[in-house]
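**Q** Just one file: query04.txt, with compact mmCIF, C-alpha atoms.
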```txt
# COMPACT_ATOMS: atom_id res chain seq x y z
CA MET A 67 -12.15 -34.41 2.05
CA LYS A 68 -12.97 -34.28 -1.66
CA ASP A 69 -16.61 -33.41 -0.87
CA LEU A 70 -15.56 -30.66 1.52
CA ASN A 71 -13.19 -29.16 -1.06
CA HIS A 72 -15.97 -29.29 -3.68
CA LEU A 73 -18.35 -27.51 -1.30
CA TYR A 74 -15.74 -24.85 -0.44
CA THR A 75 -14.78 -24.03 -4.02
CA GLY A 76 -18.41 -24.04 -5.18
CA GLN A 77 -19.65 -21.50 -2.63
CA PRO A 78 -18.33 -17.93 -3.04
CA ALA A 79 -19.48 -17.04 0.49
CA LEU A 80 -16.85 -19.41 1.86
CA TYR A 81 -13.85 -17.83 0.14
CA GLU A 82 -14.56 -14.38 -1.36
CA LYS A 83 -14.39 -12.40 1.88
CA GLN A 84 -12.37 -14.81 3.99
CA PHE A 85 -10.02 -12.04 5.20
CA ASP A 86 -12.68 -9.32 5.41
CA VAL A 87 -14.67 -8.71 8.61
CA THR A 88 -17.83 -8.17 6.52
CA GLY A 89 -17.64 -11.78 5.31
CA PHE A 90 -18.50 -13.22 8.75
CA GLU A 91 -21.39 -12.65 11.15
CA TRP A 92 -22.32 -14.40 14.39
CA ILE A 93 -26.01 -15.38 14.40
CA SER A 94 -26.19 -17.32 17.68
CA VAL A 95 -23.34 -17.69 20.13
CA ASN A 96 -25.24 -17.84 23.45
CA ASP A 97 -27.06 -21.20 23.30
CA ARG A 98 -25.06 -22.90 26.05
CA ASP A 99 -27.93 -25.23 26.99
CA ASN A 100 -27.90 -26.92 23.57
CA SER A 101 -24.22 -26.33 22.72
CA VAL A 102 -25.13 -24.90 19.31
CA LEU A 103 -23.24 -22.16 17.45
CA VAL A 104 -24.57 -20.44 14.34
CA TYR A 105 -22.73 -18.06 12.03
CA ALA A 106 -23.00 -16.75 8.49
CA ARG A 107 -20.31 -16.49 5.83
CA LYS A 108 -20.98 -13.90 3.13
CA GLY A 109 -19.74 -13.43 -0.42
CA GLU A 110 -19.41 -10.31 -2.58
CA ASP A 111 -22.97 -10.74 -3.88
CA GLU A 112 -25.44 -10.16 -1.03
CA LYS A 113 -27.31 -13.29 -2.16
CA ASP A 114 -24.28 -15.47 -1.46
CA VAL A 115 -24.71 -16.43 2.19
CA ILE A 116 -23.86 -19.70 3.88
CA LEU A 117 -25.43 -20.33 7.27
CA VAL A 118 -23.24 -22.63 9.37
CA VAL A 119 -24.94 -24.44 12.27
CA LEU A 120 -22.68 -26.39 14.61
CA ASN A 121 -24.19 -28.83 17.08
CA MET A 122 -21.30 -29.49 19.44
CA THR A 123 -22.93 -32.55 21.05
CA PRO A 124 -23.88 -36.04 19.85
CA VAL A 125 -27.55 -35.23 20.63
CA ALA A 126 -29.81 -34.59 17.62
CA ARG A 127 -31.60 -31.22 17.76
CA GLU A 128 -34.93 -31.87 16.06
CA ASP A 129 -36.83 -28.74 14.95
CA TYR A 130 -34.09 -26.41 16.17
CA ALA A 131 -35.10 -22.82 15.41
CA ILE A 132 -32.61 -20.33 13.97
CA GLY A 133 -33.52 -16.66 13.68
CA VAL A 134 -32.68 -15.18 10.28
CA SER A 135 -34.33 -12.29 8.50
CA ALA A 136 -34.14 -12.38 4.73
CA ALA A 137 -36.72 -12.08 1.99
CA GLY A 138 -37.16 -14.84 -0.56
CA LEU A 139 -34.98 -17.50 1.02
CA GLU A 140 -34.20 -20.51 -1.09
CA ARG A 141 -33.02 -23.64 0.69
CA SER A 142 -31.19 -26.64 -0.69
CA ALA A 143 -29.32 -29.41 1.03
CA GLU A 144 -26.57 -31.85 0.21
CA GLN A 145 -25.76 -34.80 2.41
CA ARG A 146 -22.29 -36.26 2.23
CA CYS A 147 -20.42 -38.43 4.70
CA GLY A 148 -23.18 -38.10 7.30
CA THR A 149 -23.11 -34.29 7.21
CA VAL A 150 -25.89 -32.18 5.76
CA PHE A 151 -24.87 -29.03 3.91
CA TRP A 152 -27.66 -26.45 3.50
CA GLN A 153 -27.43 -23.55 1.11
CA TRP A 154 -29.61 -20.49 1.69
CA ARG A 155 -30.02 -17.82 -0.96
CA GLY A 156 -31.95 -14.68 -0.19
CA GLU A 157 -32.47 -11.28 -1.68
CA HIS A 158 -30.84 -9.58 1.29
CA GLY A 159 -28.60 -12.25 2.76
CA VAL A 160 -28.59 -12.77 6.50
CA ASN A 161 -29.13 -9.69 8.66
```
Using the file provided, produce a representation of the structure as structure tokens.

**A**
Amino acid sequence: MKDLNHLYTGQPALYEKQFDVTGFEWISVNDRDNSVLVYARKGEDEKDVILVVLNMTPVAREDYAIGVSAAGLERSAEQRCGTVFWQWRGEHGVN
């Protein structure tokens, strides 16, 4: 829980627009075959975007493709408690 709280408070995209419709965007909601949901959370700065990918099965999805369009994406990952947290920063966020 401590790691999750640290992630939440350290990422403006997760809290700045939490009650604003512009702070959330569905990316993929129709992949029933793989049971995967993808959405973006957005902060005040258009570079603050968190892409959340939820695999709702115990089956690993190797090389799973996610369609995002953003220039200059920067990717970093943190792994804690068996969960990988990726952070994407782009000039235009997720569109």

**Q** Give me the residues near region 75-82 of chain A as number ranges by chain, where near means some atom within 8 Å (using only C-alpha atoms) and where sequence neighbours in that chain fewer than 3 positions away do not count.

**A** A: 71-72, 89, 107-110, 114-116

**Q** Those same residues - C-alpha atoms - I'd like them written as a tab-separated table (two decimals), in the frame of the given file.

**A**
```
chain	number	residue	atom	x	y	z
A	71	ASN	CA	-13.19	-29.16	-1.06
A	72	HIS	CA	-15.97	-29.29	-3.68
A	89	GLY	CA	-17.64	-11.78	5.31
A	107	ARG	CA	-20.31	-16.49	5.83
A	108	LYS	CA	-20.98	-13.90	3.13
A	109	GLY	CA	-19.74	-13.43	-0.42
A	110	GLU	CA	-19.41	-10.31	-2.58
A	114	ASP	CA	-24.28	-15.47	-1.46
A	115	VAL	CA	-24.71	-16.43	2.19
A	116	ILE	CA	-23.86	-19.70	3.88
```

**Q** Would you be able to write out as a ChimeraX atom specification which residues have an atom within 9 Å of (-26.9, -14.5, 17.6) in the file's coordinates, counting only C-alpha atoms?

**A** /A:91-97,103-105,132-133

**Q** Could you check the closest approach to Asn100 (chain A) for each of A:Lys83, A:Val118, A:Lys113, A:Ala126 and tell me which residue wins, using all atoms listed in the file?

**A**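 Between A:Lys83, A:Val118, A:Lys113, A:Ala126, the residue approaching Asn100 (chain A) most closely is A:Ala126.
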
**Q** Could you give me the axis-aligned bounding box of region 96-101 of chain A, with 3 Å of padding per side, as centre plus edge lengths in Å to one decimal, as lines of an AutoDock Vina configuration file?

**A**
```
center_x = -26.1
center_y = -22.4
center_z = 24.9
size_x = 9.7
size_y = 15.1
size_z = 10.3
```

**Q** Rounded to one decimal, what separation in Å do you get between CA of Asp111 (chain A) and CA of Leu73 (chain A)?

**A**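 Computing the Euclidean distance for CA of Asp111 (chain A) and CA of Leu73 (chain A) yields 17.6 Å.
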
**Q** Quick one, how far is CA of Val102 (chain A) from CA of Glu128 (chain A)?

**A**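 Between CA of Val102 (chain A) and CA of Glu128 (chain A) the gap is 12.5 Å.
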
**Q** Between CA of Tyr130 (chain A) and CA of Lys68 (chain A), what is the distance, to one decimal in Å?

**A**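 Computing the Euclidean distance for CA of Tyr130 (chain A) and CA of Lys68 (chain A) yields 28.7 Å.
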
**Q** Neighbouring residues of Arg127 (chain A) were defined as those with any atom within 12 Å, considering all atoms listed in the file; residues of the same chain fewer than 6 positions away were excluded. Please report them as a PyMOL selection string.

**A** chain A and resi 99-102+119-121
